[in-house]
file my_file28.txt (compact mmCIF, C-alpha atoms)
# COMPACT_ATOMS: atom_id res chain seq x y z
CA MET A 1 184.15 138.50 116.60
CA ASP A 2 185.70 138.88 120.01
CA ALA A 3 184.80 136.91 123.11
CA GLN A 4 182.53 139.67 124.37
CA ALA A 5 180.43 139.61 121.19
CA VAL A 6 180.16 135.81 121.33
CA ALA A 7 179.06 135.94 124.97
CA PHE A 8 176.52 138.65 124.15
CA ALA A 9 175.12 136.61 121.26
CA ILE A 10 174.70 133.58 123.52
CA VAL A 11 172.90 135.40 126.35
CA ALA A 12 170.76 137.37 123.87
CA VAL A 13 169.60 134.20 122.12
CA VAL A 14 168.88 132.48 125.45
CA ALA A 15 166.95 135.53 126.70
CA LEU A 16 164.86 135.75 123.51
CA VAL A 17 164.13 132.02 123.20
CA SER A 18 163.10 131.69 126.84
CA GLY A 19 161.10 134.94 126.52
CA ILE A 20 159.18 133.41 123.64
CA GLY A 21 158.74 130.33 125.82
CA VAL A 22 157.17 132.49 128.54
CA VAL A 23 154.47 133.82 126.21
CA THR A 24 153.78 130.62 124.24
CA THR A 25 153.87 127.69 126.67
CA ARG A 26 150.50 126.45 127.88
CA ASN A 27 151.68 125.47 131.34
CA VAL A 28 151.99 128.35 133.81
CA ALA A 29 154.65 126.60 135.90
CA HIS A 30 156.76 126.13 132.77
CA ALA A 31 156.22 129.78 131.92
CA ALA A 32 157.53 130.80 135.37
CA LEU A 33 160.66 128.68 134.87
CA PHE A 34 161.18 130.12 131.36
CA LEU A 35 160.85 133.58 132.92
CA LEU A 36 163.58 132.66 135.43
CA VAL A 37 165.93 131.66 132.57
CA SER A 38 165.14 134.85 130.65
CA LEU A 39 165.77 137.07 133.67
CA ALA A 40 169.05 135.29 134.43
CA SER A 41 170.14 135.92 130.83
CA VAL A 42 169.35 139.60 131.31
CA ALA A 43 171.67 139.48 134.33
CA GLY A 44 174.32 138.15 131.93
CA VAL A 45 173.69 141.13 129.64
CA PHE A 46 174.19 143.41 132.67
CA ILE A 47 177.57 141.78 133.38
CA LEU A 48 178.62 142.36 129.76
CA LEU A 49 177.54 146.02 130.15
CA VAL A 50 179.85 146.36 133.18
CA ALA A 51 176.99 146.56 135.70
CA GLU A 52 177.97 143.76 138.09
CA PHE A 53 175.95 145.13 141.01
CA LEU A 54 172.79 145.26 138.91
CA ALA A 55 173.44 141.71 137.71
CA LEU A 56 173.56 140.59 141.35
CA VAL A 57 170.40 142.55 142.18
CA GLN A 58 168.68 141.06 139.13
CA VAL A 59 169.50 137.50 140.20
CA LEU A 60 168.52 138.14 143.82
CA ILE A 61 165.29 140.10 143.24
CA TYR A 62 163.97 138.50 140.06
CA GLY A 63 165.48 135.04 140.31
CA GLY A 64 165.08 134.74 144.04
CA ALA A 65 161.99 136.74 144.92
CA VAL A 66 159.74 137.46 141.93
CA THR A 67 159.80 133.95 140.45
CA ILE A 68 159.21 132.40 143.87
CA VAL A 69 156.23 134.71 144.49
CA LEU A 70 154.81 133.78 141.09
CA LEU A 71 155.19 130.06 141.84
CA PHE A 72 153.60 130.58 145.26
CA ALA A 73 150.61 132.23 143.61
CA LEU A 74 150.29 129.28 141.25
CA MET A 75 150.42 126.93 144.21
CA LEU A 76 147.77 128.86 146.16
CA THR A 77 145.32 129.07 143.28
CA ARG A 78 143.80 126.09 141.53
CA ALA A 79 146.48 124.08 139.75
CA GLU A 80 144.36 122.35 137.11
CA GLU A 81 143.19 125.61 135.59
CA PHE A 82 146.83 126.60 135.12
CA SER A 83 148.21 123.41 133.65
CA ASN A 84 146.54 123.94 130.29
CA VAL A 85 145.94 127.61 129.53
CA ARG A 86 143.93 128.15 126.37
CA ALA A 87 145.04 130.72 123.83
CA ASN A 88 143.27 134.03 123.69
CA PRO A 89 141.24 134.48 120.48
CA GLN A 90 142.93 137.85 120.01
CA TRP A 91 146.43 136.31 119.79
CA LEU A 92 146.65 137.41 116.15
CA VAL A 93 146.08 141.04 117.15
CA GLY A 94 148.77 140.60 119.81
CA ALA A 95 151.22 139.14 117.31
CA LEU A 96 150.60 141.97 114.82
CA ALA A 97 151.02 144.58 117.57
CA ALA A 98 154.27 142.94 118.71
CA ILE A 99 155.64 142.83 115.16
CA GLY A 100 154.61 146.46 114.65
CA VAL A 101 156.30 147.57 117.87
CA PHE A 102 159.49 145.69 117.05
CA GLY A 103 159.48 146.98 113.48
CA ALA A 104 159.05 150.59 114.54
CA MET A 105 161.69 150.43 117.26
CA GLY A 106 164.11 148.45 115.10
CA ALA A 107 163.80 150.94 112.24
CA VAL A 108 164.53 153.85 114.59
CA ILE A 109 167.45 152.01 116.21
CA LEU A 110 169.09 151.08 112.89
CA ASN A 111 168.44 154.42 111.20
CA ASP A 112 169.67 156.63 114.01
CA ARG A 113 172.88 155.17 115.40
CA LEU A 114 174.07 157.12 118.40
CA ASP A 115 177.71 158.13 118.87
CA THR A 116 178.93 155.81 121.57
CA GLN A 117 181.91 156.03 123.87
CA ALA A 118 184.09 153.14 125.00
CA LEU A 119 182.18 150.67 127.12
CA GLN A 120 182.82 151.21 130.81
CA GLY A 121 180.93 151.16 134.08
CA PRO A 122 181.10 152.83 137.48
CA SER A 123 182.63 151.19 140.50
CA LEU A 124 180.31 149.97 143.22
CA LYS A 125 181.67 152.73 145.46
CA GLU A 126 180.67 155.42 142.94
CA LEU A 127 177.21 153.88 142.48
CA GLY A 128 176.59 153.72 146.23
CA GLY A 129 177.84 157.26 146.72
CA GLU A 130 175.55 158.56 143.97
CA LEU A 131 172.57 156.61 145.35
CA PHE A 132 172.99 158.01 148.87
CA THR A 133 173.79 161.63 147.94
CA ASN A 134 172.08 162.89 144.78
CA TRP A 135 169.35 160.22 144.78
CA VAL A 136 168.69 159.86 148.49
CA VAL A 137 165.13 161.29 148.37
CA PRO A 138 163.98 158.91 145.60
CA PHE A 139 165.72 156.12 147.53
CA GLU A 140 163.67 156.86 150.66
CA ILE A 141 160.50 157.16 148.58
CA ALA A 142 161.27 153.74 147.07
CA SER A 143 161.45 152.25 150.55
CA LEU A 144 158.07 153.82 151.33
CA VAL A 145 156.66 152.36 148.09
CA LEU A 146 157.84 148.92 149.16
CA LEU A 147 156.30 149.34 152.62
CA MET A 148 152.97 150.48 151.16
CA ALA A 149 152.96 147.60 148.68
CA LEU A 150 153.63 145.16 151.51
CA ILE A 151 150.79 146.52 153.67
CA GLY A 152 148.45 146.72 150.69
CA ALA A 153 149.22 143.15 149.65
CA ILE A 154 148.49 141.88 153.16
CA ILE A 155 145.19 143.78 153.33
CA LEU A 156 144.14 142.62 149.85
CA ALA A 157 145.07 138.97 150.29
CA ARG A 158 143.78 138.59 153.84
CA ALA A 159 140.92 136.12 154.01
CA SER A 160 137.61 137.44 155.31
CA ASP A 161 134.53 135.47 156.34
CA ASN A 162 132.29 136.12 153.36
CA ASP A 163 134.86 135.22 150.70
CA ALA A 164 133.43 132.02 149.31
CA PRO A 165 133.87 131.79 145.52
CA GLY A 166 131.03 133.50 143.72
CA SER A 167 129.73 135.34 146.78
CA GLY A 168 130.92 138.61 145.21
CA GLY A 169 132.42 140.07 148.31
CA MET B 1 178.99 144.30 120.85
CA GLU B 2 177.67 147.69 119.78
CA LEU B 3 174.97 149.81 121.37
CA TYR B 4 172.45 149.00 118.66
CA HIS B 5 172.85 145.26 119.26
CA VAL B 6 171.76 145.77 122.86
CA GLU B 7 168.96 148.09 121.73
CA LEU B 8 167.68 145.48 119.30
CA LEU B 9 167.70 142.82 122.04
CA SER B 10 165.74 145.18 124.25
CA ALA B 11 163.23 145.96 121.50
CA ALA B 12 162.72 142.25 120.78
CA LEU B 13 162.16 141.44 124.45
CA PHE B 14 159.69 144.33 124.70
CA ALA B 15 157.80 143.09 121.62
CA ILE B 16 157.60 139.59 123.16
CA GLY B 17 156.15 141.20 126.27
CA VAL B 18 153.59 143.14 124.20
CA TYR B 19 152.47 139.90 122.56
CA GLY B 20 152.23 138.20 125.96
CA VAL B 21 150.14 140.97 127.50
CA LEU B 22 147.72 141.03 124.56
CA ALA B 23 147.46 137.32 123.79
CA ARG B 24 147.34 135.60 127.18
CA ARG B 25 144.18 135.31 129.23
CA ASN B 26 145.59 134.13 132.53
CA ALA B 27 146.42 137.01 134.88
CA VAL B 28 149.66 135.37 136.05
CA MET B 29 150.80 134.98 132.42
CA VAL B 30 150.01 138.65 131.74
CA LEU B 31 152.07 139.60 134.80
CA MET B 32 155.06 137.60 133.55
CA ALA B 33 154.84 139.36 130.19
CA VAL B 34 154.84 142.72 132.00
CA GLU B 35 158.01 141.62 133.79
CA LEU B 36 159.63 140.91 130.41
CA MET B 37 158.76 144.43 129.23
CA LEU B 38 160.20 145.96 132.42
CA ASN B 39 163.40 144.00 131.85
CA ALA B 40 163.65 145.29 128.30
CA ALA B 41 163.45 148.84 129.70
CA THR B 42 166.18 148.17 132.27
CA ILE B 43 168.47 146.73 129.58
CA ASN B 44 168.11 150.00 127.68
CA ALA B 45 168.84 152.10 130.76
CA VAL B 46 171.97 150.11 131.61
CA ALA B 47 173.17 150.13 128.00
CA TYR B 48 172.82 153.91 127.73
CA ALA B 49 174.64 154.33 131.05
CA ALA B 50 177.51 152.15 129.80
CA PHE B 51 177.79 153.55 126.26
CA LEU B 52 176.58 157.15 126.34
CA ASP B 53 176.55 158.78 129.78
CA PRO B 54 179.94 160.32 130.67
CA GLY B 55 179.23 159.83 134.38
CA ARG B 56 178.13 156.18 133.81
CA LEU B 57 175.83 156.36 136.82
CA VAL B 58 172.32 157.67 136.19
CA GLY B 59 171.11 154.74 134.10
CA GLN B 60 172.20 152.25 136.73
CA VAL B 61 170.55 154.23 139.55
CA ILE B 62 167.31 154.39 137.53
CA THR B 63 167.53 150.64 137.01
CA VAL B 64 167.75 150.08 140.77
CA PHE B 65 164.49 152.02 141.15
CA ILE B 66 162.81 150.15 138.28
CA ILE B 67 163.66 146.82 139.92
CA THR B 68 162.35 148.09 143.28
CA VAL B 69 159.04 149.20 141.78
CA ALA B 70 158.77 145.92 139.84
CA ALA B 71 159.14 143.95 143.08
CA ALA B 72 156.42 146.03 144.76
CA GLU B 73 154.23 145.60 141.69
CA VAL B 74 154.58 141.80 141.67
CA GLY B 75 153.64 141.61 145.35
CA LEU B 76 150.53 143.73 144.88
CA ALA B 77 149.51 141.97 141.66
CA MET B 78 149.80 138.59 143.36
CA ALA B 79 147.54 139.80 146.18
CA ILE B 80 144.99 141.06 143.64
CA ILE B 81 145.10 137.78 141.69
CA LEU B 82 144.61 135.74 144.87
CA ARG B 83 141.69 137.98 145.83
CA LEU B 84 140.19 137.69 142.33
CA TYR B 85 140.55 133.94 142.46
CA ARG B 86 138.88 133.77 145.86
CA VAL B 87 135.95 135.95 144.79
CA ARG B 88 135.46 134.73 141.21
CA ALA B 89 137.11 131.27 141.28
CA THR B 90 139.08 132.22 138.17
CA ALA B 91 142.31 133.94 137.19
CA ASN B 92 141.12 134.71 133.68
CA VAL B 93 141.37 138.43 132.93
CA ASP B 94 138.53 138.26 130.39
CA GLU B 95 136.08 137.17 133.08
CA ALA B 96 137.05 140.00 135.44
CA ASP B 97 135.49 142.71 133.30
CA GLU B 98 133.41 144.71 135.73
CA MET B 99 134.34 147.12 138.51
CA LYS B 100 131.71 145.83 140.92
CA GLY B 101 133.28 144.15 143.95
call {"tool": "encode", "arguments": {"input": "my_file28.txt", "output": "structure tokens"}}
result
Amino acid sequence: MDAQAVAFAIVAVVALVSGIGVVTTRNVAHAALFLLVSLASVAGVFILLVAEFLALVQVLIYGGAVTIVLLFALMLTRAEEFSNVRANPQWLVGALAAIGVFGAMGAVILNDRLDTQALQGPSLKELGGELFTNWVVPFEIASLVLLMALIGAIILARASDNDAPGSGG
Amino acid sequence: MELYHVELLSAALFAIGVYGVLARRNAVMVLMAVELMLNAATINAVAYAAFLDPGRLVGQVITVFIITVAAAEVGLAMAIILRLYRVRATANVDEADEMKG
């Protein structure tokens, strides 16, 4: 086993264990912190796959923004409801579905190995050039999507007068 | 590290996300599980870009867009959860089962 394989094994185990922590812990704040660890491990996987820019984006967007937004939402809603989340009675169905999904995908992955080339990644210059030439229209549309999501979130979350709990409006 | 190792990691993360979406009742927990599934998809895209695509670029560009859409999705979902909490005083997805405002 070379150093790369050892590093991959470590980040994969950390990502999976903290991922299981996200879906099993009863405390939502703990789940958000587990999610942060899992997403940071995925950034490690990106580094091993020679995608340094995406690793940086992953840490900045997921670690910096998404987790903070999740924690803010926990803070703004009632804390006591979140500190001890009960299990859903259909957890068994969920577990069976998850095992089925993993079994099906794992069987396909192991049965049908693809012919791979040597591991290598593009330079940041190539990635930026591609993004701003061949993909410039999707890039602009993505910025519009972000703008619309921002405006929509403000409109949805804005407090109005008749918003007392249970008033239905 | 072979391609199928990365694919298996991605499949396992996706399965964990499936369990989380189906088995949790709190809307914030469901959202976190959706984030795990999105991450599994991005791992696959990056792995295929690194191992299979001769140009090495398309998978990474797609991943940039997936992360962008995920960020927009989290912002909107948070607004909806806050709104739901304000109207219903709960963040339990099982209790938000009707379309009536």
call {"tool": "closest_residue", "arguments": {"input": "my_file28.txt", "among": "B:Met78, B:Thr68, B:Gly59, B:Tyr48", "to": "Leu146 (chain A)", "atoms": "all atoms listed in the file"}}
result
B:Thr68
call {"tool": "atom_distance", "arguments": {"input": "my_file28.txt", "atom1": "CA of Val11 (chain A)", "atom2": "CA of Ser41 (chain A)"}}
result
5.3 Å
call {"tool": "interface_residues", "arguments": {"input": "my_file28.txt", "of": "chain B", "to": "chain A", "cutoff": "7 Å", "atoms": "all atoms listed in the file", "output": "ChimeraX atom specification"}}
result
/B:1,4,7-9,11-13,15-16,18-20,22-25,29,33,47,50-52,56-57,61,65,68,71-72,74-76,78-80,82-83,85-89,101
call {"tool": "residues_around", "arguments": {"input": "my_file28.txt", "residues": "Gln60 (chain B)", "least_positions_apart": "3", "cutoff": "7 Å", "atoms": "only C-alpha atoms", "output": "list in words"}}
result
Ala45, Val46, Ala49, Leu57, Thr63 and Val64 of chain B
call {"tool": "closest_residue", "arguments": {"input": "my_file28.txt", "among": "A:Ile10, A:Leu36, A:Ile68, A:Gly129", "to": "Glu35 (chain B)", "atoms": "only C-alpha atoms"}}
result
A:Leu36
call {"tool": "atom_distance", "arguments": {"input": "my_file28.txt", "atom1": "CA of Asp53 (chain B)", "atom2": "CA of Val108 (chain A)"}}
result
20.0 Å
call {"tool": "atom_distance", "arguments": {"input": "my_file28.txt", "atom1": "CA of Val37 (chain A)", "atom2": "CA of Lys125 (chain A)"}}
result
29.3 Å
call {"tool": "decode", "arguments": {"input": "my_file28.txt", "residues": "chain B", "atoms": "C-alpha atoms", "output": "PDB file, in the first residue's frame"}}
result
ATOM      1  CA  MET B   1      -6.331   3.906  -4.807  1.00  0.00           C
ATOM      2  CA  GLU B   2      -8.365   2.610  -7.733  1.00  0.00           C
ATOM      3  CA  LEU B   3     -11.470   4.094  -9.306  1.00  0.00           C
ATOM      4  CA  TYR B   4     -13.748   1.488  -7.762  1.00  0.00           C
ATOM      5  CA  HIS B   5     -12.523   2.347  -4.258  1.00  0.00           C
ATOM      6  CA  VAL B   6     -13.707   5.921  -4.775  1.00  0.00           C
ATOM      7  CA  GLU B   7     -16.954   4.673  -6.323  1.00  0.00           C
ATOM      8  CA  LEU B   8     -17.618   2.452  -3.321  1.00  0.00           C
ATOM      9  CA  LEU B   9     -17.002   5.373  -0.944  1.00  0.00           C
ATOM     10  CA  SER B  10     -19.443   7.446  -2.968  1.00  0.00           C
ATOM     11  CA  ALA B  11     -22.064   4.680  -2.966  1.00  0.00           C
ATOM     12  CA  ALA B  12     -21.727   4.238   0.808  1.00  0.00           C
ATOM     13  CA  LEU B  13     -22.100   7.971   1.455  1.00  0.00           C
ATOM     14  CA  PHE B  14     -25.147   8.049  -0.825  1.00  0.00           C
ATOM     15  CA  ALA B  15     -26.712   5.099   1.030  1.00  0.00           C
ATOM     16  CA  ILE B  16     -26.133   6.884   4.362  1.00  0.00           C
ATOM     17  CA  GLY B  17     -27.903   9.897   2.884  1.00  0.00           C
ATOM     18  CA  VAL B  18     -30.828   7.738   1.724  1.00  0.00           C
ATOM     19  CA  TYR B  19     -31.198   6.349   5.241  1.00  0.00           C
ATOM     20  CA  GLY B  20     -31.052   9.863   6.701  1.00  0.00           C
ATOM     21  CA  VAL B  21     -33.712  11.235   4.356  1.00  0.00           C
ATOM     22  CA  LEU B  22     -36.085   8.344   5.058  1.00  0.00           C
ATOM     23  CA  ALA B  23     -35.503   7.845   8.773  1.00  0.00           C
ATOM     24  CA  ARG B  24     -35.238  11.349  10.220  1.00  0.00           C
ATOM     25  CA  ARG B  25     -38.260  13.462  11.059  1.00  0.00           C
ATOM     26  CA  ASN B  26     -36.620  16.815  11.645  1.00  0.00           C
ATOM     27  CA  ALA B  27     -36.460  18.941   8.494  1.00  0.00           C
ATOM     28  CA  VAL B  28     -32.936  20.171   9.278  1.00  0.00           C
ATOM     29  CA  MET B  29     -31.729  16.567   9.671  1.00  0.00           C
ATOM     30  CA  VAL B  30     -33.322  15.638   6.331  1.00  0.00           C
ATOM     31  CA  LEU B  31     -31.527  18.587   4.720  1.00  0.00           C
ATOM     32  CA  MET B  32     -28.168  17.435   6.095  1.00  0.00           C
ATOM     33  CA  ALA B  33     -28.768  13.956   4.683  1.00  0.00           C
ATOM     34  CA  VAL B  34     -29.522  15.525   1.280  1.00  0.00           C
ATOM     35  CA  GLU B  35     -26.185  17.342   1.512  1.00  0.00           C
ATOM     36  CA  LEU B  36     -24.451  13.995   2.095  1.00  0.00           C
ATOM     37  CA  MET B  37     -26.078  12.580  -1.052  1.00  0.00           C
ATOM     38  CA  LEU B  38     -25.018  15.619  -3.099  1.00  0.00           C
ATOM     39  CA  ASN B  39     -21.465  15.148  -1.854  1.00  0.00           C
ATOM     40  CA  ALA B  40     -21.507  11.509  -2.910  1.00  0.00           C
ATOM     41  CA  ALA B  41     -22.496  12.648  -6.414  1.00  0.00           C
ATOM     42  CA  THR B  42     -19.687  15.216  -6.561  1.00  0.00           C
ATOM     43  CA  ILE B  43     -17.126  12.603  -5.469  1.00  0.00           C
ATOM     44  CA  ASN B  44     -18.208  10.480  -8.432  1.00  0.00           C
ATOM     45  CA  ALA B  45     -17.963  13.389 -10.868  1.00  0.00           C
ATOM     46  CA  VAL B  46     -14.472  14.331  -9.689  1.00  0.00           C
ATOM     47  CA  ALA B  47     -13.305  10.708  -9.711  1.00  0.00           C
ATOM     48  CA  TYR B  48     -14.485  10.169 -13.285  1.00  0.00           C
ATOM     49  CA  ALA B  49     -12.807  13.420 -14.341  1.00  0.00           C
ATOM     50  CA  ALA B  50      -9.525  12.289 -12.772  1.00  0.00           C
ATOM     51  CA  PHE B  51      -9.563   8.656 -13.928  1.00  0.00           C
ATOM     52  CA  LEU B  52     -11.543   8.492 -17.171  1.00  0.00           C
ATOM     53  CA  ASP B  53     -11.943  11.803 -19.001  1.00  0.00           C
ATOM     54  CA  PRO B  54      -8.978  12.525 -21.312  1.00  0.00           C
ATOM     55  CA  GLY B  55      -9.559  16.272 -20.953  1.00  0.00           C
ATOM     56  CA  ARG B  56      -9.822  15.984 -17.125  1.00  0.00           C
ATOM     57  CA  LEU B  57     -12.107  19.017 -17.001  1.00  0.00           C
ATOM     58  CA  VAL B  58     -15.821  18.344 -17.452  1.00  0.00           C
ATOM     59  CA  GLY B  59     -16.346  16.492 -14.176  1.00  0.00           C
ATOM     60  CA  GLN B  60     -14.730  19.276 -12.194  1.00  0.00           C
ATOM     61  CA  VAL B  61     -16.778  21.973 -13.962  1.00  0.00           C
ATOM     62  CA  ILE B  62     -19.974  19.998 -13.249  1.00  0.00           C
ATOM     63  CA  THR B  63     -18.919  19.751  -9.612  1.00  0.00           C
ATOM     64  CA  VAL B  64     -18.581  23.530  -9.392  1.00  0.00           C
ATOM     65  CA  PHE B  65     -22.195  23.821 -10.579  1.00  0.00           C
ATOM     66  CA  ILE B  66     -23.414  21.129  -8.178  1.00  0.00           C
ATOM     67  CA  ILE B  67     -21.837  22.989  -5.253  1.00  0.00           C
ATOM     68  CA  THR B  68     -23.407  26.265  -6.448  1.00  0.00           C
ATOM     69  CA  VAL B  69     -26.876  24.742  -6.677  1.00  0.00           C
ATOM     70  CA  ALA B  70     -26.409  23.051  -3.287  1.00  0.00           C
ATOM     71  CA  ALA B  71     -25.604  26.416  -1.695  1.00  0.00           C
ATOM     72  CA  ALA B  72     -28.722  27.984  -3.228  1.00  0.00           C
ATOM     73  CA  GLU B  73     -30.763  24.986  -2.098  1.00  0.00           C
ATOM     74  CA  VAL B  74     -29.574  25.241   1.516  1.00  0.00           C
ATOM     75  CA  GLY B  75     -30.452  28.939   1.645  1.00  0.00           C
ATOM     76  CA  LEU B  76     -33.951  28.366   0.307  1.00  0.00           C
ATOM     77  CA  ALA B  77     -34.551  25.294   2.479  1.00  0.00           C
ATOM     78  CA  MET B  78     -33.516  27.231   5.572  1.00  0.00           C
ATOM     79  CA  ALA B  79     -35.988  29.997   4.699  1.00  0.00           C
ATOM     80  CA  ILE B  80     -38.755  27.409   4.224  1.00  0.00           C
ATOM     81  CA  ILE B  81     -37.914  25.695   7.528  1.00  0.00           C
ATOM     82  CA  LEU B  82     -37.943  29.026   9.387  1.00  0.00           C
ATOM     83  CA  ARG B  83     -41.291  29.869   7.794  1.00  0.00           C
ATOM     84  CA  LEU B  84     -42.688  26.427   8.662  1.00  0.00           C
ATOM     85  CA  TYR B  85     -41.498  26.818  12.219  1.00  0.00           C
ATOM     86  CA  ARG B  86     -43.088  30.242  12.507  1.00  0.00           C
ATOM     87  CA  VAL B  87     -46.430  29.068  11.120  1.00  0.00           C
ATOM     88  CA  ARG B  88     -46.638  25.598  12.674  1.00  0.00           C
ATOM     89  CA  ALA B  89     -44.257  25.892  15.665  1.00  0.00           C
ATOM     90  CA  THR B  90     -42.544  22.688  14.538  1.00  0.00           C
ATOM     91  CA  ALA B  91     -39.784  21.536  12.219  1.00  0.00           C
ATOM     92  CA  ASN B  92     -41.110  17.998  11.994  1.00  0.00           C
ATOM     93  CA  VAL B  93     -41.700  16.980   8.374  1.00  0.00           C
ATOM     94  CA  ASP B  94     -44.426  14.501   9.362  1.00  0.00           C
ATOM     95  CA  GLU B  95     -46.571  17.301  10.771  1.00  0.00           C
ATOM     96  CA  ALA B  96     -46.261  19.434   7.632  1.00  0.00           C
ATOM     97  CA  ASP B  97     -48.383  17.127   5.495  1.00  0.00           C
ATOM     98  CA  GLU B  98     -50.861  19.443   3.836  1.00  0.00           C
ATOM     99  CA  MET B  99     -50.487  22.024   1.081  1.00  0.00           C
ATOM    100  CA  LYS B 100     -52.768  24.568   2.748  1.00  0.00           C
ATOM    101  CA  GLY B 101     -50.867  27.684   3.800  1.00  0.00           C
TER     102      GLY B 101
END
